[in-house]
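S.K.: For reference, this is start_0.csv, and it has CSV, C-alpha atoms and all ligand atoms.
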chain,number,residue,atom,x,y,z
X,1,MET,CA,181.5,-69.8,-35.8
X,2,MET,CA,183.4,-67.2,-33.8
X,3,ARG,CA,183.3,-67.9,-30.0
X,4,LEU,CA,183.9,-65.5,-27.2
X,5,PRO,CA,187.0,-66.0,-25.1
X,6,TRP,CA,186.6,-67.0,-21.4
X,7,PHE,CA,186.1,-64.1,-19.0
X,8,GLU,CA,184.9,-63.4,-15.4
X,9,TYR,CA,181.6,-61.5,-15.2
X,10,ARG,CA,180.9,-58.9,-12.5
X,11,ALA,CA,177.5,-57.2,-12.2
X,12,PRO,CA,177.6,-54.3,-9.7
X,13,ARG,CA,174.4,-52.6,-8.7
X,14,SER,CA,175.6,-49.1,-8.0
X,15,LEU,CA,178.0,-46.7,-9.7
X,16,ALA,CA,180.3,-46.6,-6.6
X,17,GLU,CA,180.4,-50.4,-6.6
X,18,ALA,CA,181.2,-50.5,-10.3
X,19,ALA,CA,184.0,-48.0,-9.9
X,20,ARG,CA,185.4,-50.0,-7.0
X,21,VAL,CA,185.3,-53.3,-8.9
X,22,LEU,CA,186.8,-51.7,-12.0
X,23,ALA,CA,189.7,-50.3,-9.9
X,24,GLY,CA,190.1,-53.5,-8.0
X,25,GLU,CA,190.3,-55.8,-11.1
X,26,GLY,CA,193.0,-53.6,-12.7
X,27,PRO,CA,194.1,-53.4,-16.3
X,28,GLY,CA,192.6,-56.8,-17.3
X,29,ALA,CA,189.1,-55.5,-16.7
X,30,LYS,CA,186.8,-53.9,-19.2
X,31,LEU,CA,183.4,-52.2,-18.9
X,32,ILE,CA,180.5,-53.6,-20.8
X,33,ALA,CA,177.2,-51.8,-21.4
X,34,GLY,CA,175.0,-53.1,-24.3
X,35,GLY,CA,177.9,-55.2,-25.6
X,36,THR,CA,177.1,-54.5,-29.3
X,37,ASP,CA,180.6,-53.3,-30.0
X,38,LEU,CA,182.6,-55.0,-27.4
X,39,LEU,CA,181.3,-58.6,-27.8
X,40,PRO,CA,182.0,-58.7,-31.6
X,41,ASN,CA,185.4,-57.3,-30.9
X,42,MET,CA,186.1,-60.0,-28.3
X,43,LYS,CA,185.0,-62.7,-30.8
X,44,ARG,CA,187.5,-61.3,-33.3
X,45,ARG,CA,190.1,-61.3,-30.5
X,46,HIS,CA,190.7,-57.5,-30.7
X,47,GLU,CA,190.4,-57.5,-27.0
X,48,VAL,CA,190.5,-60.4,-24.5
X,49,PRO,CA,189.6,-58.9,-21.1
X,50,ALA,CA,190.0,-61.2,-18.1
X,51,THR,CA,186.9,-59.6,-16.5
X,52,LEU,CA,183.9,-57.8,-17.8
X,53,VAL,CA,182.3,-55.3,-15.4
X,54,ALA,CA,178.7,-54.9,-16.5
X,55,LEU,CA,176.8,-51.6,-16.2
X,56,ARG,CA,173.3,-52.8,-17.1
X,57,ARG,CA,172.1,-53.1,-13.5
X,58,VAL,CA,173.4,-49.7,-12.4
X,59,ASP,CA,170.2,-47.6,-12.3
X,60,GLU,CA,172.1,-44.3,-11.6
X,61,LEU,CA,173.4,-44.6,-15.2
X,62,LYS,CA,169.8,-44.6,-16.6
X,63,ARG,CA,168.7,-41.2,-15.2
X,64,THR,CA,167.7,-38.1,-17.1
X,65,ALA,CA,167.2,-34.6,-15.6
X,66,ASN,CA,166.1,-31.4,-17.3
X,67,GLY,CA,166.8,-28.2,-15.4
X,68,ALA,CA,169.7,-25.9,-15.9
X,69,GLY,CA,170.4,-28.1,-19.0
X,70,LEU,CA,169.8,-31.7,-19.9
X,71,ARG,CA,171.6,-34.5,-18.1
X,72,LEU,CA,171.5,-37.9,-19.8
X,73,GLY,CA,172.8,-41.1,-18.0
X,74,ALA,CA,175.4,-42.9,-20.0
X,75,GLY,CA,173.5,-46.2,-19.5
X,76,LEU,CA,170.4,-45.0,-21.4
X,77,THR,CA,170.0,-47.1,-24.6
X,78,LEU,CA,170.0,-45.1,-27.8
X,79,THR,CA,166.3,-45.9,-28.2
X,80,GLU,CA,165.7,-44.4,-24.7
X,81,VAL,CA,167.7,-41.3,-25.7
X,82,THR,CA,165.5,-40.8,-28.8
X,83,GLN,CA,162.4,-41.0,-26.5
X,84,VAL,CA,163.4,-38.1,-24.3
X,85,ALA,CA,161.1,-35.3,-25.4
X,86,ALA,CA,163.7,-32.6,-24.8
X,87,VAL,CA,166.2,-34.4,-27.0
X,88,LYS,CA,163.8,-34.5,-30.0
X,89,GLU,CA,162.6,-30.9,-29.4
X,90,GLN,CA,165.7,-29.0,-28.4
X,91,TYR,CA,168.8,-31.1,-29.2
X,92,ARG,CA,167.8,-32.2,-32.7
X,93,ALA,CA,171.3,-33.2,-33.9
X,94,LEU,CA,171.5,-35.7,-31.1
X,95,TRP,CA,168.1,-37.1,-31.8
X,96,GLN,CA,168.9,-37.4,-35.5
X,97,ALA,CA,172.3,-39.0,-34.8
X,98,ALA,CA,170.9,-41.6,-32.4
X,99,MET,CA,168.0,-42.4,-34.7
X,100,GLN,CA,170.6,-43.3,-37.5
X,101,VAL,CA,172.8,-45.6,-35.4
X,102,ALA,CA,172.7,-49.1,-36.8
X,103,THR,CA,169.3,-50.8,-36.6
X,104,PRO,CA,166.4,-50.7,-34.1
X,105,HIS,CA,167.6,-53.9,-32.4
X,106,LEU,CA,171.1,-52.5,-31.9
X,107,ARG,CA,169.7,-49.2,-30.6
X,108,ASN,CA,167.6,-51.1,-28.1
X,109,MET,CA,170.8,-52.7,-26.7
X,110,GLY,CA,173.5,-50.1,-27.4
X,111,THR,CA,173.9,-47.3,-24.9
X,112,LEU,CA,174.9,-43.7,-25.2
X,113,GLY,CA,178.1,-44.3,-23.1
X,114,GLY,CA,179.1,-47.3,-25.3
X,115,ASN,CA,178.5,-45.2,-28.4
X,116,LEU,CA,180.7,-42.4,-27.1
X,117,CYS,CA,183.5,-44.9,-26.2
X,118,LEU,CA,183.1,-46.9,-29.4
X,119,ASP,CA,186.4,-48.4,-30.7
X,120,THR,CA,187.8,-46.9,-33.9
X,121,ARG,CA,187.3,-48.9,-37.1
X,122,CYS,CA,189.4,-50.0,-40.1
X,123,THR,CA,189.0,-52.5,-42.9
X,124,TYR,CA,192.3,-54.1,-41.9
X,125,TYR,CA,191.2,-54.4,-38.3
X,126,ASN,CA,187.5,-55.3,-38.2
X,127,GLN,CA,188.3,-58.8,-39.4
X,128,ASN,CA,188.6,-62.2,-37.6
X,129,TYR,CA,191.8,-63.4,-36.1
X,130,GLU,CA,192.8,-65.7,-39.0
X,131,TRP,CA,192.2,-62.9,-41.6
X,132,ARG,CA,194.4,-60.5,-39.6
X,133,LYS,CA,197.0,-63.2,-39.0
X,134,ALA,CA,197.2,-63.9,-42.8
X,135,ILE,CA,198.3,-60.3,-43.4
X,136,ASP,CA,200.7,-60.4,-40.4
X,137,PHE,CA,198.4,-58.2,-38.3
X,138,CYS,CA,198.7,-54.4,-38.0
X,139,MET,CA,199.9,-51.9,-35.3
X,140,LYS,CA,196.4,-51.5,-33.7
X,141,ILE,CA,196.9,-55.0,-32.3
X,142,ASP,CA,199.4,-57.8,-32.6
X,143,GLY,CA,201.5,-56.2,-35.4
X,144,ASP,CA,203.9,-53.4,-36.3
X,145,ILE,CA,202.7,-51.8,-39.6
X,146,CYS,CA,199.8,-49.7,-40.7
X,147,TRP,CA,198.4,-51.3,-43.9
X,148,VAL,CA,196.5,-48.1,-44.8
X,149,ALA,CA,199.6,-45.9,-44.9
X,150,THR,CA,202.7,-48.1,-44.5
X,151,ALA,CA,204.9,-45.1,-43.6
X,152,SER,CA,202.5,-43.9,-40.9
X,153,LYS,CA,203.8,-44.1,-37.3
X,154,ARG,CA,200.2,-43.6,-36.1
X,155,CYS,CA,197.1,-45.8,-36.5
X,156,LEU,CA,194.6,-44.1,-38.7
X,157,ALA,CA,191.5,-46.1,-37.7
X,158,VAL,CA,188.3,-44.1,-38.0
X,159,SER,CA,186.2,-42.6,-35.3
X,160,SER,CA,182.8,-44.0,-36.2
X,161,THR,CA,180.5,-42.9,-33.5
X,162,ASP,CA,177.4,-41.0,-34.7
X,163,THR,CA,176.4,-39.3,-31.4
X,164,ALA,CA,179.8,-37.8,-30.5
X,165,PRO,CA,180.0,-35.2,-33.4
X,166,ALA,CA,176.3,-34.3,-32.7
X,167,LEU,CA,176.9,-33.9,-28.9
X,168,ILE,CA,180.1,-31.9,-29.5
X,169,SER,CA,178.2,-29.5,-31.8
X,170,LEU,CA,175.8,-29.0,-28.9
X,171,GLY,CA,178.5,-28.1,-26.5
X,172,ALA,CA,178.2,-31.3,-24.4
X,173,ARG,CA,180.3,-32.1,-21.3
X,174,VAL,CA,180.8,-35.5,-19.7
X,175,ARG,CA,181.0,-36.6,-16.1
X,176,LEU,CA,183.6,-39.4,-15.4
X,177,VAL,CA,183.5,-41.3,-12.2
X,178,SER,CA,186.2,-43.5,-10.6
X,179,ALA,CA,187.0,-45.0,-7.2
X,180,SER,CA,189.3,-42.0,-6.5
X,181,GLY,CA,186.7,-39.3,-7.4
X,182,GLU,CA,185.0,-37.7,-10.3
X,183,ARG,CA,185.7,-35.0,-12.9
X,184,GLU,CA,183.9,-33.2,-15.7
X,185,ALA,CA,185.4,-32.5,-19.1
X,186,ALA,CA,184.2,-31.1,-22.5
X,187,LEU,CA,183.2,-34.1,-24.6
X,188,ALA,CA,185.5,-32.9,-27.4
X,189,ASP,CA,188.4,-33.4,-24.9
X,190,LEU,CA,187.5,-37.1,-24.4
X,191,TYR,CA,189.0,-37.8,-27.9
X,192,ARG,CA,192.5,-38.1,-29.3
X,193,ASN,CA,193.4,-38.2,-33.0
X,194,ASP,CA,194.9,-41.6,-32.6
X,195,GLY,CA,193.3,-44.8,-33.8
X,196,ILE,CA,194.7,-46.9,-30.9
X,197,ASP,CA,194.7,-44.5,-27.9
X,198,TYR,CA,191.5,-42.8,-29.1
X,199,LEU,CA,190.1,-41.8,-25.6
X,200,THR,CA,191.6,-39.6,-22.9
X,201,ARG,CA,189.4,-41.6,-20.4
X,202,ARG,CA,191.5,-43.4,-17.8
X,203,PRO,CA,190.9,-47.2,-17.8
X,204,ASP,CA,189.5,-46.9,-14.2
X,205,GLU,CA,187.0,-44.2,-15.1
X,206,ILE,CA,183.3,-44.8,-16.0
X,207,LEU,CA,181.5,-42.3,-18.2
X,208,ALA,CA,178.5,-41.6,-16.1
X,209,GLU,CA,176.6,-38.7,-17.6
X,210,VAL,CA,176.4,-36.4,-20.6
X,211,LEU,CA,175.6,-32.8,-19.7
X,212,LEU,CA,174.0,-30.5,-22.3
X,213,PRO,CA,173.8,-26.8,-21.7
X,214,LYS,CA,170.4,-25.1,-21.7
X,215,ASN,CA,169.4,-24.6,-25.3
X,216,GLU,CA,169.3,-20.8,-25.6
X,217,GLY,CA,168.2,-20.3,-29.2
X,218,TRP,CA,170.5,-22.9,-30.9
X,219,LYS,CA,169.2,-25.0,-33.8
X,220,SER,CA,171.1,-28.1,-34.8
X,221,THR,CA,171.1,-31.0,-37.2
X,222,TYR,CA,173.0,-34.2,-38.1
X,223,TRP,CA,173.6,-35.6,-41.6
X,224,LYS,CA,175.0,-39.1,-42.2
X,225,LEU,CA,176.5,-40.7,-45.3
X,226,ARG,CA,176.3,-44.5,-45.4
X,227,ARG,CA,175.8,-47.1,-48.1
X,228,ARG,CA,172.5,-48.5,-46.8
X,229,GLY,CA,169.6,-46.6,-45.1
X,230,SER,CA,170.1,-48.8,-42.0
X,231,PHE,CA,172.7,-50.9,-40.3
X,232,ASP,CA,175.8,-49.1,-41.7
X,233,PHE,CA,178.4,-47.2,-39.7
X,234,PRO,CA,178.9,-43.6,-40.9
X,235,LEU,CA,181.3,-42.9,-43.9
X,236,LEU,CA,180.8,-39.3,-43.0
X,237,GLY,CA,178.8,-37.5,-40.3
X,238,VAL,CA,178.1,-33.8,-40.3
X,239,ALA,CA,176.8,-32.1,-37.2
X,240,ALA,CA,176.0,-28.4,-37.4
X,241,ALA,CA,174.6,-26.1,-34.7
X,242,VAL,CA,173.9,-22.4,-35.2
X,243,LYS,CA,172.5,-19.6,-33.1
X,244,THR,CA,171.0,-16.8,-35.1
X,245,ALA,CA,169.5,-13.3,-34.3
X,246,THR,CA,165.9,-12.6,-35.3
X,247,ASP,CA,167.1,-11.2,-38.7
X,248,GLY,CA,168.9,-14.4,-39.4
X,249,THR,CA,172.5,-13.1,-38.7
X,250,VAL,CA,174.6,-15.9,-37.2
X,251,GLU,CA,175.7,-15.2,-33.7
X,252,ASP,CA,177.5,-18.5,-33.1
X,253,ALA,CA,178.1,-21.7,-35.0
X,254,ARG,CA,179.7,-25.1,-34.5
X,255,LEU,CA,180.5,-27.6,-37.2
X,256,VAL,CA,181.8,-31.1,-36.4
X,257,LEU,CA,182.7,-33.9,-38.8
X,258,GLY,CA,182.6,-37.6,-38.0
X,259,ALA,CA,184.2,-40.6,-39.7
X,260,VAL,CA,186.9,-38.6,-41.5
X,261,SER,CA,189.6,-38.9,-38.8
X,262,SER,CA,190.4,-40.8,-35.7
X,263,HIS,CA,188.5,-38.3,-33.6
X,264,PRO,CA,185.4,-36.1,-34.2
X,265,LEU,CA,186.8,-33.2,-36.2
X,266,ALA,CA,185.7,-29.7,-35.2
X,267,ILE,CA,185.8,-27.2,-38.0
X,268,LYS,CA,186.4,-23.6,-37.2
X,269,ALA,CA,183.5,-22.4,-39.3
X,270,GLY,CA,182.6,-19.6,-36.9
X,271,GLU,CA,185.0,-17.1,-38.6
X,272,LEU,CA,183.2,-17.7,-41.9
X,273,LEU,CA,179.6,-17.6,-40.5
X,274,VAL,CA,179.4,-15.4,-37.4
X,275,GLY,CA,178.1,-11.9,-38.2
X,276,ARG,CA,176.8,-13.0,-41.6
X,277,LYS,CA,173.5,-14.5,-42.8
X,278,LEU,CA,173.5,-18.1,-44.0
X,279,THR,CA,173.7,-17.1,-47.7
X,280,ASP,CA,174.5,-19.6,-50.4
X,281,GLU,CA,178.0,-18.1,-50.6
X,282,ALA,CA,178.7,-18.3,-46.8
X,283,ILE,CA,177.4,-21.9,-46.8
X,284,ALA,CA,179.6,-22.8,-49.8
X,285,ARG,CA,182.7,-21.3,-48.0
X,286,ALA,CA,182.0,-23.3,-44.9
X,287,GLY,CA,181.5,-26.4,-47.0
X,288,ASN,CA,184.8,-25.9,-48.8
X,289,LEU,CA,186.7,-25.3,-45.5
X,290,ALA,CA,185.2,-28.5,-44.1
X,291,GLU,CA,186.1,-30.5,-47.3
X,292,SER,CA,189.7,-29.2,-47.1
X,293,ARG,CA,190.1,-30.2,-43.5
X,294,ALA,CA,188.5,-33.7,-43.9
X,295,LYS,CA,191.1,-36.5,-44.3
X,296,PRO,CA,189.2,-39.7,-45.1
X,297,MET,CA,191.6,-42.7,-45.5
X,298,ASP,CA,191.2,-45.8,-47.6
X,299,ASN,CA,190.1,-47.9,-44.7
X,300,THR,CA,186.4,-47.9,-44.9
X,301,ASP,CA,183.6,-48.3,-47.5
X,302,MET,CA,183.5,-46.3,-50.7
X,303,ASP,CA,186.1,-44.3,-52.6
X,304,LEU,CA,188.1,-41.9,-50.4
X,305,ARG,CA,188.3,-39.1,-52.9
X,306,TRP,CA,184.5,-39.2,-53.4
X,307,ARG,CA,184.0,-39.3,-49.6
X,308,LYS,CA,186.2,-36.2,-49.3
X,309,HIS,CA,184.4,-34.4,-52.1
X,310,VAL,CA,180.9,-34.9,-50.7
X,311,VAL,CA,181.8,-33.3,-47.4
X,312,ALA,CA,181.0,-29.8,-48.8
X,313,ASP,CA,177.6,-31.2,-50.1
X,314,PHE,CA,176.7,-32.6,-46.7
X,315,VAL,CA,177.7,-29.4,-44.9
X,316,GLY,CA,175.5,-27.6,-47.4
X,317,TYR,CA,172.5,-29.8,-46.7
X,318,ALA,CA,173.0,-29.3,-42.9
X,319,LEU,CA,173.4,-25.5,-43.1
X,320,ARG,CA,170.5,-25.0,-45.6
X,321,GLU,CA,168.3,-27.0,-43.3
X,322,LEU,CA,169.2,-24.8,-40.4
X,323,ARG,CA,168.5,-21.8,-42.6
X,324,GLY,CA,165.0,-23.1,-42.9
X,325,ASN,CA,165.0,-24.7,-46.4
X,326,ASP,CA,162.9,-27.8,-46.9
X,327,MET,CA,165.6,-30.6,-47.2
X,328,SER,CA,163.2,-33.6,-47.0
X,329,ALA,CA,164.0,-34.8,-50.5
X,330,GLU,CA,167.8,-34.7,-49.8
X,331,ARG,CA,167.1,-36.4,-46.4
X,332,LEU,CA,165.2,-39.2,-48.0
X,333,ARG,CA,167.9,-39.6,-50.7
X,334,THR,CA,170.8,-39.8,-48.2
X,335,ALA,CA,169.3,-41.2,-45.0
X,336,ARG,CA,166.3,-43.0,-46.7
X,337,GLN,CA,164.2,-41.9,-43.8
X,338,SER,CA,162.5,-38.7,-42.7
X,339,LEU,CA,164.2,-37.1,-39.7
D,1,LIG,C1,176.1,-54.2,-37.3
D,1,LIG,C2,176.4,-53.0,-36.4
D,1,LIG,C3,176.2,-51.7,-36.9
D,1,LIG,C4,176.5,-50.6,-36.1
D,1,LIG,N1,176.3,-49.4,-36.6
D,1,LIG,C5,176.6,-48.3,-35.9
D,1,LIG,C6,176.4,-47.0,-36.4
D,1,LIG,O1,175.8,-46.8,-37.5
D,1,LIG,N2,176.8,-45.9,-35.7
D,1,LIG,C7,177.4,-46.1,-34.5
D,1,LIG,O2,177.7,-45.0,-33.9
D,1,LIG,N3,177.6,-47.3,-34.0
D,1,LIG,C8,177.3,-48.4,-34.6
D,1,LIG,N4,177.5,-49.7,-34.1
D,1,LIG,C9,178.2,-49.8,-32.9
D,1,LIG,C10,177.4,-50.0,-31.6
D,1,LIG,O3,176.3,-50.8,-31.8
D,1,LIG,C11,176.9,-48.7,-31.0
D,1,LIG,O4,178.0,-47.7,-31.1
D,1,LIG,C12,176.5,-48.8,-29.6
D,1,LIG,O5,175.9,-47.6,-29.1
D,1,LIG,C13,177.6,-49.2,-28.6
D,1,LIG,O6,177.0,-49.2,-27.3
D,1,LIG,P1,177.1,-50.4,-26.3
D,1,LIG,O7,176.4,-50.0,-25.1
D,1,LIG,O8,176.6,-51.7,-27.0
D,1,LIG,O9,178.7,-50.5,-26.1
D,1,LIG,P2,179.6,-51.7,-25.6
D,1,LIG,O10,179.8,-52.7,-26.7
D,1,LIG,O11,179.0,-52.3,-24.3
D,1,LIG,O12,180.9,-50.9,-25.3
D,1,LIG,C14,181.6,-50.3,-26.3
D,1,LIG,C15,182.9,-49.7,-25.6
D,1,LIG,O13,182.6,-48.6,-24.7
D,1,LIG,C16,183.0,-48.9,-23.4
D,1,LIG,N5,182.0,-48.4,-22.5
D,1,LIG,C17,180.7,-48.7,-22.5
D,1,LIG,N6,180.0,-48.0,-21.6
D,1,LIG,C18,180.9,-47.3,-21.0
D,1,LIG,C19,180.8,-46.3,-20.0
D,1,LIG,N7,179.6,-45.9,-19.4
D,1,LIG,N8,181.9,-45.7,-19.5
D,1,LIG,C20,183.2,-46.0,-20.1
D,1,LIG,N9,183.3,-46.9,-21.1
D,1,LIG,C21,182.2,-47.5,-21.5
D,1,LIG,C22,183.2,-50.4,-23.4
D,1,LIG,O14,184.2,-50.8,-22.4
D,1,LIG,C23,183.7,-50.7,-24.8
D,1,LIG,O15,185.1,-50.4,-25.0
D,1,LIG,C24,177.1,-50.8,-34.9
D,1,LIG,C25,177.3,-52.1,-34.4
D,1,LIG,C26,177.0,-53.2,-35.1
D,1,LIG,C27,177.2,-54.6,-34.6
D,2,LIG,S1,194.7,-47.7,-39.7
D,2,LIG,FE1,196.5,-48.9,-40.0
D,2,LIG,S2,197.2,-49.5,-37.9
D,2,LIG,FE2,195.1,-48.7,-37.7
D,2,LIG,S3,193.8,-50.5,-37.8
D,2,LIG,FE3,194.0,-49.8,-39.9
D,2,LIG,S4,195.7,-50.9,-40.8
D,2,LIG,FE4,195.8,-51.1,-38.6
Would you mind writing the file out in structure tokens?
M.R.:
Amino acid sequence: MMRLPWFEYRAPRSLAEAARVLAGEGPGAKLIAGGTDLLPNMKRRHEVPATLVALRRVDELKRTANGAGLRLGAGLTLTEVTQVAAVKEQYRALWQAAMQVATPHLRNMGTLGGNLCLDTRCTYYNQNYEWRKAIDFCMKIDGDICWVATASKRCLAVSSTDTAPALISLGARVRLVSASGEREAALADLYRNDGIDYLTRRPDEILAEVLLPKNEGWKSTYWKLRRRGSFDFPLLGVAAAVKTATDGTVEDARLVLGAVSSHPLAIKAGELLVGRKLTDEAIARAGNLAESRAKPMDNTDMDLRWRKHVVADFVGYALRELRGNDMSAERLRTARQSL
């Protein structure tokens, strides 16, 4: 049985107190929200924080507000996010992404903030301490080499959050709070293409809120590839959002891939789609561009060449759905649920 290491536990009741405690405890402290990612990682000794600063009692992180746009507290569980009517009706990609994270139990515990700050994943890393020791560890922790690409100077662990690509396609921003103040940033800028240093968030900052712009005519969707219809992390995520004129001409478009890189990968599909209708030819060109940009590595489930190859198919499913095609058969085949 894997046991947790010893740690101090702090349970602040306000965001200001949480920020103060986090700053005061220094580099040995770590935030915990639902704990569905952090606690397994601590059991495997990926991280051994001296102090956990719990966010569960901070009510300010559970608020939602719908006015000039939609504001979602980072402490909302993923189940709560899917229950916000505006998410389901106007920010469909987020609803679909949150609905496909793990299982109902994990969505009841796991939070939006935890999902956005999720550790990157790799077959050689998500193993217990003894397993990793047997291969002499790797550079993400305790070692010097990358077993996925031995010449690589950079860790290639995979960004495996479902909600980040969806939220980036929706133009989301985030509010980060620390004891020394607060700042807002585009969610896309929260990520670095580096499997170790994957967030630009400072260790003393708390992700407090996700801010979505008012939906002015955008339609969006999220498609996920995984082995099983539940439980599994994405092997590919495709988030697409388009804004079209009444005659179907694309005025703006965003396409973001998950799980094919150490960060959510934005594809510059706008040049191929804007000013055109979503014809089969335009969709195929966007799919081919996305497939050429995706760089899946051999560090997660399924064959990497096949995972790269199906990027164009999944982009096609997403854009045809946004065009108005009935994609329920493909949805049932890939997600094994209606979304
Ligand atoms: C079996 C299994 C399957 C899973 N499948 C999926 C899946 O399909 N898709 C997916 O995306 N995830 C999956 N997960 C991962 C996880 O359950 C979710 O990502 C969940 O949303 C994480 O949220 P949490 O609140 O539990 O995060 P925690 O475990 O509490 O924290 C995760 C990380 O985020 C940091 N953090 C948490 N909240 C904040 C905040 N407000 N500000 C700054 N940092 C913060 C923590 O310090 C930690 O580093 C799976 C997990 C398991 C165990
Ligand atoms: S990509 Fe390489 S360095 Fe990163 S976790 Fe995997 S084996 Fe380790």
S.K.: Compile a residue-level contact table for chain X against ligand LIG 2 (chain D) at a cut-off of 10 Å, reporting for every qualifying residue the shortest atom pair and its distance in Å to one decimal, with all atoms listed in the file counted, rows ordered by chain and ascending number, as a tab-separated table.
M.R.:
residue	atom	partner	partner_atom	distance
X:Thr120	CA	D:LIG2	S3	8.0
X:Arg121	CA	D:LIG2	S3	6.7
X:Cys122	CA	D:LIG2	FE3	4.6
X:Thr123	CA	D:LIG2	FE3	6.4
X:Tyr124	CA	D:LIG2	S4	4.8
X:Tyr125	CA	D:LIG2	S3	4.7
X:Asn126	CA	D:LIG2	S3	7.9
X:Arg132	CA	D:LIG2	FE4	9.6
X:Phe137	CA	D:LIG2	FE4	7.6
X:Cys138	CA	D:LIG2	FE4	4.4
X:Met139	CA	D:LIG2	S2	4.5
X:Lys140	CA	D:LIG2	S2	4.7
X:Ile141	CA	D:LIG2	FE4	7.5
X:Asp142	CA	D:LIG2	FE4	9.7
X:Gly143	CA	D:LIG2	FE4	8.3
X:Asp144	CA	D:LIG2	S2	7.9
X:Ile145	CA	D:LIG2	S2	6.2
X:Cys146	CA	D:LIG2	FE1	3.5
X:Trp147	CA	D:LIG2	S4	4.1
X:Val148	CA	D:LIG2	FE1	4.9
X:Ala149	CA	D:LIG2	FE1	6.5
X:Thr150	CA	D:LIG2	FE1	7.7
X:Ala151	CA	D:LIG2	FE1	9.9
X:Ser152	CA	D:LIG2	FE1	7.9
X:Lys153	CA	D:LIG2	S2	8.5
X:Arg154	CA	D:LIG2	S2	6.9
X:Cys155	CA	D:LIG2	FE2	3.7
X:Leu156	CA	D:LIG2	S1	3.7
X:Ala157	CA	D:LIG2	S1	4.1
X:Val158	CA	D:LIG2	S1	7.5
X:Asp194	CA	D:LIG2	FE2	8.7
X:Gly195	CA	D:LIG2	FE2	5.8
X:Ile196	CA	D:LIG2	FE2	7.0
X:Ser262	CA	D:LIG2	S1	9.1
X:Met297	CA	D:LIG2	S1	8.3
X:Asp298	CA	D:LIG2	S1	8.8
X:Asn299	CA	D:LIG2	FE3	6.5
X:Thr300	CA	D:LIG2	FE3	9.3
S.K.: Would you list the residues that come within 6 Å of ligand LIG 1 (chain D)? Count all atoms listed in the file and give the answer as a PyMOL selection string.
M.R.: chain X and resi 30-38+74+101-102+106+109-115+117-118+160-162+206-208+231-234
S.K.: Kindly assemble as a Markdown table a list of the stretch 24-83 of chain X residues that lie within 9 Å of stretch 212-230 of chain X, each paired with its nearest atom pair and their distance in Å to one decimal, using only C-alpha atoms, sorted first by chain and then by ascending residue number.
M.R.:
| residue | atom | partner | partner_atom | distance |
| --- | --- | --- | --- | --- |
| X:Asn66 | CA | X:Lys214 | CA | 8.8 |
| X:Gly67 | CA | X:Lys214 | CA | 7.9 |
| X:Ala68 | CA | X:Lys214 | CA | 5.9 |
| X:Gly69 | CA | X:Lys214 | CA | 4.0 |
| X:Leu70 | CA | X:Leu212 | CA | 5.0 |
| X:Arg71 | CA | X:Leu212 | CA | 6.3 |
| X:Leu72 | CA | X:Leu212 | CA | 8.2 |
S.K.: For stretch 21-25 of chain X, find every residue with an atom within 8 Å (counting all atoms listed in the file), except residues of its own chain fewer than 3 positions away, and show them as an MDAnalysis selection string.
M.R.: chainID X and resid 10 12 17:18 28:31 51 53 178:179 204
S.K.: Pick the closest to X:Ile283 from X:Met327, X:Val315, X:Leu257, X:Val174: which is it, counting only C-alpha atoms?
M.R.: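 Using only C-alpha atoms, X:Ile283 sits closest to X:Val315.
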S.K.: What is the distance between atom CA of X:Pro264 and atom CA of X:Ile168, in Å to one decimal?
M.R.: 8.2 Å
S.K.: Find the spatial neighbours of X:Thr200, counting all atoms listed in the file, within a cut-off of 8 Å - ignore same-chain residues fewer than 2 positions away - and output them as JSON, numbers by chain.
M.R.: {"X": [189, 190, 191, 192, 197, 198, 202]}
S.K.: If I take atom CA of X:Val48 and atom CA of X:Lys133, how far is one from the other in Å, to one decimal?
M.R.: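 Straight-line distance from atom CA of X:Val48 to atom CA of X:Lys133 works out to 16.1 Å.
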